[in-house]
$ cat coords.csv   # CSV, C-alpha atoms
chain,number,residue,atom,x,y,z
A,11,PHE,CA,-81.6,-50.5,-0.3
A,12,PHE,CA,-81.2,-54.2,0.5
A,13,GLY,CA,-84.5,-54.4,2.3
A,14,SER,CA,-86.4,-52.4,-0.3
A,15,THR,CA,-87.4,-55.5,-2.2
A,16,ALA,CA,-88.8,-57.0,1.0
A,17,ILE,CA,-90.6,-53.8,1.9
A,18,LEU,CA,-92.1,-53.6,-1.6
A,19,ALA,CA,-93.1,-57.2,-1.5
A,20,ARG,CA,-95.1,-56.5,1.7
A,21,LEU,CA,-96.7,-53.4,0.2
A,22,LEU,CA,-97.5,-54.7,-3.3
A,23,SER,CA,-99.2,-57.8,-4.6
A,24,PRO,CA,-97.5,-60.4,-6.7
A,25,ALA,CA,-99.7,-59.3,-9.6
A,26,ASP,CA,-98.1,-55.8,-9.4
A,27,PHE,CA,-94.7,-57.3,-10.0
A,28,GLY,CA,-96.1,-59.5,-12.7
A,29,TYR,CA,-97.4,-56.5,-14.6
A,30,VAL,CA,-94.0,-54.9,-14.5
A,31,ALA,CA,-92.4,-58.1,-15.6
A,32,MET,CA,-94.7,-58.3,-18.6
A,33,ALA,CA,-93.8,-54.7,-19.5
A,34,THR,CA,-90.1,-55.5,-19.0
A,35,VAL,CA,-90.2,-58.1,-21.7
A,36,ILE,CA,-90.8,-55.3,-24.3
A,37,THR,CA,-88.6,-52.6,-22.7
A,38,GLU,CA,-85.6,-54.9,-22.3
A,39,PHE,CA,-85.9,-56.1,-25.9
A,40,ALA,CA,-86.0,-52.5,-27.0
A,41,ALA,CA,-83.1,-51.6,-24.7
A,42,LEU,CA,-80.8,-54.0,-26.7
A,43,PHE,CA,-80.7,-51.3,-29.3
A,44,GLY,CA,-80.4,-48.4,-26.8
A,45,ALA,CA,-77.0,-46.9,-27.3
A,46,PHE,CA,-76.6,-48.5,-30.7
A,47,GLY,CA,-72.8,-48.7,-29.9
A,48,PHE,CA,-72.3,-44.9,-30.2
A,49,THR,CA,-70.8,-44.7,-26.8
A,50,ASN,CA,-68.2,-47.3,-27.7
A,51,VAL,CA,-67.0,-45.1,-30.6
A,52,LEU,CA,-66.0,-42.4,-28.1
A,53,ILE,CA,-64.5,-44.8,-25.6
A,54,GLN,CA,-62.3,-46.6,-28.1
A,55,ARG,CA,-60.8,-43.5,-29.7
A,56,ARG,CA,-57.5,-42.3,-28.4
A,57,VAL,CA,-58.5,-38.6,-28.6
A,58,ILE,CA,-62.0,-37.2,-28.8
A,59,ASN,CA,-63.2,-33.7,-29.5
A,60,ARG,CA,-66.3,-31.7,-28.7
A,61,LEU,CA,-67.9,-32.3,-32.2
A,62,GLN,CA,-67.7,-36.0,-31.6
A,63,LEU,CA,-69.3,-35.6,-28.1
A,64,ASP,CA,-72.1,-33.5,-29.6
A,65,THR,CA,-72.7,-35.9,-32.5
A,66,VAL,CA,-72.9,-38.9,-30.2
A,67,PHE,CA,-75.2,-37.0,-27.9
A,68,TRP,CA,-77.7,-36.2,-30.7
A,69,ALA,CA,-77.4,-39.7,-32.2
A,70,THR,CA,-78.2,-41.4,-28.9
A,71,LEU,CA,-81.0,-39.0,-28.2
A,72,ALA,CA,-82.5,-39.8,-31.6
A,73,VAL,CA,-82.2,-43.5,-31.0
A,74,GLY,CA,-83.7,-43.1,-27.5
A,75,THR,CA,-86.6,-41.1,-28.8
A,76,LEU,CA,-87.1,-43.6,-31.6
A,77,LEU,CA,-87.1,-46.5,-29.1
A,78,ALA,CA,-89.5,-44.6,-26.8
A,79,SER,CA,-91.8,-44.0,-29.8
A,80,LEU,CA,-91.6,-47.7,-30.8
A,81,VAL,CA,-92.4,-48.9,-27.3
A,82,PHE,CA,-95.3,-46.4,-27.1
A,83,VAL,CA,-96.8,-47.8,-30.3
A,84,LEU,CA,-96.2,-51.4,-29.2
A,85,SER,CA,-98.1,-50.5,-25.9
A,86,PHE,CA,-101.3,-50.5,-27.9
A,87,PHE,CA,-100.8,-54.1,-28.9
A,88,SER,CA,-99.4,-55.3,-25.6
A,89,GLY,CA,-102.9,-55.8,-24.1
A,90,TRP,CA,-103.6,-58.3,-26.9
A,91,LEU,CA,-100.1,-59.9,-26.5
A,92,PHE,CA,-100.3,-60.3,-22.8
A,93,ALA,CA,-104.1,-60.7,-22.6
A,94,ASP,CA,-104.2,-57.9,-20.0
A,95,PRO,CA,-105.1,-54.2,-20.8
A,96,LEU,CA,-103.0,-52.8,-17.9
A,97,VAL,CA,-99.6,-53.5,-19.5
A,98,GLY,CA,-100.2,-50.9,-22.3
A,99,PRO,CA,-100.6,-47.9,-20.0
A,100,LEU,CA,-97.5,-49.0,-18.0
A,101,LEU,CA,-95.5,-49.1,-21.2
A,102,GLN,CA,-96.8,-45.7,-22.3
A,103,VAL,CA,-95.1,-44.3,-19.2
A,104,LEU,CA,-92.1,-46.5,-19.1
A,105,CYS,CA,-91.1,-45.6,-22.6
A,106,LEU,CA,-89.9,-42.2,-21.3
A,107,THR,CA,-87.0,-44.0,-19.6
A,108,PHE,CA,-85.4,-44.5,-23.1
A,109,VAL,CA,-85.2,-40.7,-23.6
A,110,PHE,CA,-83.8,-40.1,-20.1
A,111,ASN,CA,-81.3,-42.9,-20.4
A,112,SER,CA,-80.1,-41.7,-23.8
A,113,LEU,CA,-79.3,-38.3,-22.3
A,114,THR,CA,-76.8,-39.9,-19.9
A,115,ALA,CA,-74.7,-41.5,-22.6
A,116,VAL,CA,-72.2,-38.7,-23.1
A,117,PRO,CA,-71.7,-37.9,-19.4
A,118,TRP,CA,-71.1,-41.6,-18.8
A,119,VAL,CA,-68.5,-41.7,-21.6
A,120,VAL,CA,-66.7,-38.6,-20.1
A,121,LEU,CA,-66.6,-40.2,-16.6
A,122,SER,CA,-65.4,-43.5,-18.1
A,123,ARG,CA,-62.6,-41.8,-20.2
A,124,LEU,CA,-61.5,-39.9,-17.1
A,125,MET,CA,-61.5,-43.1,-15.1
A,126,ARG,CA,-63.7,-41.5,-12.5
A,127,PHE,CA,-65.1,-44.8,-11.3
A,128,ARG,CA,-65.8,-43.5,-7.8
A,129,THR,CA,-68.0,-40.8,-9.3
A,130,GLU,CA,-69.8,-43.4,-11.5
A,131,PHE,CA,-70.3,-45.5,-8.3
A,132,TRP,CA,-71.9,-42.5,-6.5
A,133,VAL,CA,-74.1,-41.7,-9.5
A,134,GLN,CA,-75.4,-45.2,-9.6
A,135,ILE,CA,-75.9,-45.5,-5.8
A,136,SER,CA,-77.7,-42.1,-5.7
A,137,THR,CA,-79.9,-43.2,-8.6
A,138,VAL,CA,-80.8,-46.5,-6.9
A,139,ALA,CA,-81.5,-44.7,-3.6
A,140,ILE,CA,-83.8,-42.2,-5.2
A,141,ARG,CA,-85.6,-44.8,-7.3
A,142,THR,CA,-86.1,-47.0,-4.2
A,143,VAL,CA,-87.3,-44.2,-1.9
A,144,VAL,CA,-89.8,-43.1,-4.5
A,145,ALA,CA,-91.1,-46.6,-5.2
A,146,VAL,CA,-91.5,-47.4,-1.5
A,147,ALA,CA,-93.2,-44.1,-0.8
A,148,CYS,CA,-95.6,-44.6,-3.7
A,149,ALA,CA,-96.3,-48.2,-2.7
A,150,TYR,CA,-96.9,-47.0,0.9
A,151,SER,CA,-99.4,-44.4,-0.5
A,152,GLY,CA,-101.3,-47.2,-2.2
A,153,LEU,CA,-100.4,-46.6,-5.8
A,154,GLY,CA,-99.8,-50.4,-6.4
A,155,VAL,CA,-98.1,-51.3,-9.7
A,156,TRP,CA,-97.7,-47.6,-10.5
A,157,SER,CA,-95.2,-47.3,-7.6
A,158,LEU,CA,-92.8,-49.5,-9.5
A,159,VAL,CA,-93.3,-47.6,-12.7
A,160,ILE,CA,-93.0,-44.2,-11.0
A,161,GLY,CA,-89.9,-45.4,-9.2
A,162,ALA,CA,-88.3,-46.4,-12.5
A,163,LEU,CA,-89.2,-43.2,-14.2
A,164,VAL,CA,-88.0,-41.0,-11.4
A,165,GLY,CA,-84.8,-43.1,-11.1
A,166,SER,CA,-84.0,-42.6,-14.8
A,167,PHE,CA,-84.7,-38.8,-14.6
A,168,ALA,CA,-82.5,-38.6,-11.4
A,169,ALA,CA,-79.7,-40.5,-13.2
A,170,MET,CA,-79.8,-37.9,-16.0
A,171,LEU,CA,-79.7,-35.0,-13.5
A,172,VAL,CA,-76.9,-36.5,-11.4
A,173,ASN,CA,-74.8,-37.3,-14.4
A,174,PHE,CA,-75.1,-33.8,-15.7
A,175,ALA,CA,-74.3,-32.5,-12.2
A,176,PHE,CA,-71.0,-34.4,-12.2
A,177,VAL,CA,-70.2,-33.8,-15.9
A,178,PRO,CA,-71.3,-30.2,-16.8
A,179,TYR,CA,-71.7,-30.9,-20.4
A,180,LEU,CA,-74.2,-28.9,-22.5
A,181,PRO,CA,-74.5,-30.2,-26.1
A,182,ARG,CA,-74.2,-27.8,-29.0
A,183,PHE,CA,-76.5,-28.1,-31.9
A,184,ARG,CA,-73.9,-29.8,-34.1
A,185,PHE,CA,-73.9,-33.1,-35.8
A,186,HIS,CA,-71.2,-34.8,-37.9
A,187,LEU,CA,-72.7,-37.6,-39.9
A,188,LEU,CA,-69.4,-38.7,-41.3
A,189,LEU,CA,-68.2,-39.7,-37.8
A,190,LEU,CA,-71.1,-42.1,-37.4
A,191,THR,CA,-70.9,-43.5,-41.0
A,192,SER,CA,-67.2,-44.0,-40.9
A,193,THR,CA,-67.5,-45.8,-37.6
A,194,TRP,CA,-70.1,-48.2,-38.9
A,195,GLN,CA,-68.2,-49.1,-42.1
A,196,ILE,CA,-67.5,-52.8,-42.4
A,197,GLY,CA,-64.0,-53.4,-43.7

$ encode --input "coords.csv" --output "C-alpha coordinates"
Amino acid sequence: FFGSTAILARLLSPADFGYVAMATVITEFAALFGAFGFTNVLIQRRVINRLQLDTVFWATLAVGTLLASLVFVLSFFSGWLFADPLVGPLLQVLCLTFVFNSLTAVPWVVLSRLMRFRTEFWVQISTVAIRTVVAVACAYSGLGVWSLVIGALVGSFAAMLVNFAFVPYLPRFRFHLLLLTSTWQIG
(Lines of atoms letter the chains of each structure in order from A and count residues from 1; the text may use other names and numbers.)
(Lines give C-alpha, C1' and ligand atoms only; values in the text may rest on other atoms or scores of the structure.)
Protein backbone atom coordinates (compact mmCIF):
# COMPACT_ATOMS: atom_id res chain seq x y z
CA PHE A 1 0.00 0.00 0.00
CA PHE A 2 2.95 2.28 0.64
CA GLY A 3 4.07 2.14 -2.97
CA SER A 4 0.58 2.63 -4.38
CA THR A 5 0.93 6.40 -4.56
CA ALA A 6 4.16 6.02 -6.52
CA ILE A 7 2.54 3.49 -8.84
CA LEU A 8 -0.47 5.76 -9.38
CA ALA A 9 1.83 8.74 -9.95
CA ARG A 10 3.53 6.79 -12.76
CA LEU A 11 0.25 5.68 -14.32
CA LEU A 12 -1.71 8.93 -14.00
CA SER A 13 -1.01 12.51 -14.94
CA PRO A 14 -0.73 15.37 -12.44
CA ALA A 15 -3.94 16.77 -13.95
CA ASP A 16 -5.78 13.60 -12.89
CA PHE A 17 -4.79 14.22 -9.27
CA GLY A 18 -5.72 17.88 -9.71
CA TYR A 19 -9.25 17.04 -10.83
CA VAL A 20 -9.77 14.84 -7.79
CA ALA A 21 -8.31 17.57 -5.57
CA MET A 22 -10.85 20.05 -6.97
CA ALA A 23 -13.70 17.62 -6.31
CA THR A 24 -12.31 16.98 -2.83
CA VAL A 25 -12.77 20.64 -1.93
CA ILE A 26 -16.52 20.15 -2.16
CA THR A 27 -16.72 16.62 -0.76
CA GLU A 28 -14.57 17.39 2.28
CA PHE A 29 -16.62 20.47 3.09
CA ALA A 30 -19.81 18.41 2.87
CA ALA A 31 -18.19 15.64 4.96
CA LEU A 32 -17.92 18.05 7.89
CA PHE A 33 -21.64 17.50 8.35
CA GLY A 34 -21.45 13.75 7.67
CA ALA A 35 -22.36 12.01 10.90
CA PHE A 36 -23.91 15.16 12.37
CA GLY A 37 -22.75 13.94 15.78
CA PHE A 38 -25.27 11.11 15.92
CA THR A 39 -22.62 8.46 16.52
CA ASN A 40 -21.32 10.41 19.50
CA VAL A 41 -24.76 10.09 21.08
CA LEU A 42 -24.40 6.33 21.12
CA ILE A 43 -20.80 6.31 22.26
CA GLN A 44 -21.30 8.64 25.22
CA ARG A 45 -24.31 6.81 26.69
CA ARG A 46 -23.63 4.26 29.38
CA VAL A 47 -26.20 1.81 27.99
CA ILE A 48 -27.75 1.77 24.55
CA ASN A 49 -30.63 -0.21 23.17
CA ARG A 50 -31.71 -1.49 19.79
CA LEU A 51 -34.16 1.38 19.23
CA GLN A 52 -31.34 3.87 19.66
CA LEU A 53 -29.16 1.97 17.17
CA ASP A 54 -31.99 1.91 14.64
CA THR A 55 -32.72 5.60 15.14
CA VAL A 56 -29.11 6.61 14.62
CA PHE A 57 -28.84 4.32 11.60
CA TRP A 58 -31.80 5.95 9.86
CA ALA A 59 -30.74 9.45 10.91
CA THR A 60 -27.20 9.03 9.56
CA LEU A 61 -28.55 7.46 6.38
CA ALA A 62 -30.87 10.44 5.94
CA VAL A 63 -27.99 12.89 6.48
CA GLY A 64 -25.75 10.90 4.10
CA THR A 65 -28.45 10.87 1.44
CA LEU A 66 -29.06 14.58 1.92
CA LEU A 67 -25.34 15.33 1.58
CA ALA A 68 -25.10 13.11 -1.51
CA SER A 69 -28.01 15.02 -3.03
CA LEU A 70 -26.44 18.36 -2.14
CA VAL A 71 -23.08 17.40 -3.68
CA PHE A 72 -24.90 16.09 -6.75
CA VAL A 73 -26.69 19.44 -7.18
CA LEU A 74 -23.46 21.36 -6.57
CA SER A 75 -21.77 19.27 -9.24
CA PHE A 76 -23.70 21.16 -11.88
CA PHE A 77 -22.14 24.44 -10.67
CA SER A 78 -18.65 23.04 -10.11
CA GLY A 79 -17.69 23.43 -13.76
CA TRP A 80 -18.27 27.15 -13.39
CA LEU A 81 -16.60 27.29 -9.96
CA PHE A 82 -13.43 25.48 -11.05
CA ALA A 83 -13.54 26.57 -14.70
CA ASP A 84 -13.41 22.94 -15.79
CA PRO A 85 -16.38 20.80 -16.87
CA LEU A 86 -14.83 17.48 -15.78
CA VAL A 87 -15.20 18.17 -12.05
CA GLY A 88 -19.01 17.94 -12.24
CA PRO A 89 -19.21 14.35 -13.46
CA LEU A 90 -16.57 13.33 -10.91
CA LEU A 91 -18.70 14.79 -8.12
CA GLN A 92 -21.82 13.12 -9.49
CA VAL A 93 -20.15 9.75 -8.88
CA LEU A 94 -18.27 10.64 -5.70
CA CYS A 95 -21.48 11.79 -4.00
CA LEU A 96 -22.42 8.12 -3.57
CA THR A 97 -19.65 7.74 -1.00
CA PHE A 98 -21.74 9.78 1.44
CA VAL A 99 -24.49 7.16 1.34
CA PHE A 100 -22.06 4.24 1.72
CA ASN A 101 -20.18 5.96 4.55
CA SER A 102 -23.39 6.74 6.43
CA LEU A 103 -24.26 3.04 6.41
CA THR A 104 -21.08 2.23 8.36
CA ALA A 105 -21.88 4.53 11.31
CA VAL A 106 -23.73 2.05 13.53
CA PRO A 107 -21.35 -0.89 12.96
CA TRP A 108 -18.45 1.46 13.78
CA VAL A 109 -20.19 2.51 17.02
CA VAL A 110 -20.76 -1.12 17.99
CA LEU A 111 -17.12 -2.00 17.39
CA SER A 112 -15.98 1.07 19.33
CA ARG A 113 -18.27 0.38 22.28
CA LEU A 114 -17.06 -3.23 22.40
CA MET A 115 -13.47 -1.91 22.19
CA ARG A 116 -12.74 -4.19 19.27
CA PHE A 117 -9.95 -1.98 18.01
CA ARG A 118 -8.16 -4.85 16.31
CA THR A 119 -11.28 -5.51 14.24
CA GLU A 120 -11.54 -1.78 13.41
CA PHE A 121 -7.91 -1.91 12.30
CA TRP A 122 -8.56 -4.86 9.98
CA VAL A 123 -11.68 -3.19 8.59
CA GLN A 124 -9.65 -0.10 7.74
CA ILE A 125 -6.69 -2.04 6.32
CA SER A 126 -8.90 -4.21 4.13
CA THR A 127 -10.76 -1.14 2.90
CA VAL A 128 -7.52 0.62 1.99
CA ALA A 129 -6.23 -2.52 0.29
CA ILE A 130 -9.36 -2.92 -1.82
CA ARG A 131 -9.45 0.78 -2.74
CA THR A 132 -5.77 0.70 -3.69
CA VAL A 133 -5.94 -2.45 -5.79
CA VAL A 134 -9.00 -1.17 -7.65
CA ALA A 135 -7.47 2.27 -8.28
CA VAL A 136 -4.18 0.80 -9.54
CA ALA A 137 -5.97 -1.75 -11.74
CA CYS A 138 -8.18 0.97 -13.24
CA ALA A 139 -5.19 3.27 -13.77
CA TYR A 140 -3.29 0.45 -15.44
CA SER A 141 -6.32 -0.11 -17.69
CA GLY A 142 -6.07 3.51 -18.82
CA LEU A 143 -9.09 4.98 -17.04
CA GLY A 144 -7.14 8.07 -15.95
CA VAL A 145 -8.81 10.27 -13.35
CA TRP A 146 -11.73 7.86 -13.14
CA SER A 147 -9.44 5.26 -11.58
CA LEU A 148 -9.14 7.44 -8.47
CA VAL A 149 -12.90 7.99 -8.36
CA ILE A 150 -13.71 4.32 -8.90
CA GLY A 151 -11.16 3.38 -6.23
CA ALA A 152 -12.79 5.75 -3.73
CA LEU A 153 -16.27 4.52 -4.56
CA VAL A 154 -15.37 0.83 -4.39
CA GLY A 155 -13.43 1.51 -1.17
CA SER A 156 -16.48 3.09 0.47
CA PHE A 157 -18.69 0.24 -0.68
CA ALA A 158 -16.17 -2.31 0.57
CA ALA A 159 -15.98 -0.55 3.95
CA MET A 160 -19.73 -0.86 4.25
CA LEU A 161 -19.66 -4.58 3.41
CA VAL A 162 -16.72 -5.35 5.70
CA ASN A 163 -18.28 -3.43 8.59
CA PHE A 164 -21.51 -5.37 8.25
CA ALA A 165 -19.55 -8.62 7.97
CA PHE A 166 -17.94 -7.98 11.37
CA VAL A 167 -21.06 -6.48 12.96
CA PRO A 168 -24.10 -8.41 11.75
CA TYR A 169 -26.52 -5.58 12.38
CA LEU A 170 -29.71 -5.32 10.35
CA PRO A 171 -31.70 -2.17 11.10
CA ARG A 172 -35.38 -2.36 11.81
CA PHE A 173 -37.76 0.19 10.37
CA ARG A 174 -38.01 2.15 13.63
CA PHE A 175 -37.17 5.72 14.44
CA HIS A 176 -37.37 7.56 17.76
CA LEU A 177 -37.33 11.30 17.15
CA LEU A 178 -37.28 12.11 20.87
CA LEU A 179 -33.85 10.46 21.17
CA LEU A 180 -32.40 12.87 18.64
CA THR A 181 -34.23 16.00 19.82
CA SER A 182 -33.36 15.40 23.48
CA THR A 183 -29.72 14.94 22.54
CA TRP A 184 -29.58 18.22 20.63
CA GLN A 185 -31.20 20.31 23.38
CA ILE A 186 -29.01 23.12 24.57
CA GLY A 187 -29.18 23.52 28.30

$ closest_residue --input "coords.csv" --among "A:Val66, A:Leu190, A:Leu71, A:Leu163" --to "Leu106 of chain A" --atoms "only C-alpha atoms"
A:Leu163

$ residues_around --input "coords.csv" --residues "Val177 of chain A" --least-positions-apart "6" --cutoff "9 Å" --atoms "all atoms listed in the file" --output "list in words"
Val116, Pro117, Trp118, Val120 and Leu121 of chain A

$ closest_residue --input "coords.csv" --among "A:Met125, A:Ala115, A:Leu76, A:Val30" --to "Asp64 of chain A" --atoms "only C-alpha atoms"
A:Ala115

$ atom_distance --input "coords.csv" --atom1 "atom CA of Ala168 of chain A" --atom2 "atom CA of His186 of chain A"
29.1 Å

$ closest_residue --input "coords.csv" --among "A:Leu100, A:Arg128, A:Ala147, A:Val51" --to "Phe27 of chain A" --atoms "only C-alpha atoms"
A:Leu100

$ residues_around --input "coords.csv" --residues "segment 152-159 of chain A" --least-positions-apart "3" --cutoff "8 Å" --atoms "all atoms listed in the file" --output "ChimeraX atom specification"
/A:21-23,26-27,29-30,100,103-104,144-149,162-163

$ residues_near_point --input "coords.csv" --point "(-74.0, -31.9, -22.8)" --cutoff "12 Å" --atoms "all atoms listed in the file" --output "PyMOL selection string"
chain A and resi 60-68+71+112-120+170-171+173-184

$ closest_residue --input "coords.csv" --among "A:Ser85, A:Ser122, A:Tyr150, A:Ser136" --to "Arg20 of chain A" --atoms "all atoms listed in the file"
A:Tyr150

$ closest_residue --input "coords.csv" --among "A:Leu101, A:Ala16, A:Ser79, A:Arg123" --to "Asn50 of chain A" --atoms "only C-alpha atoms"
A:Arg123
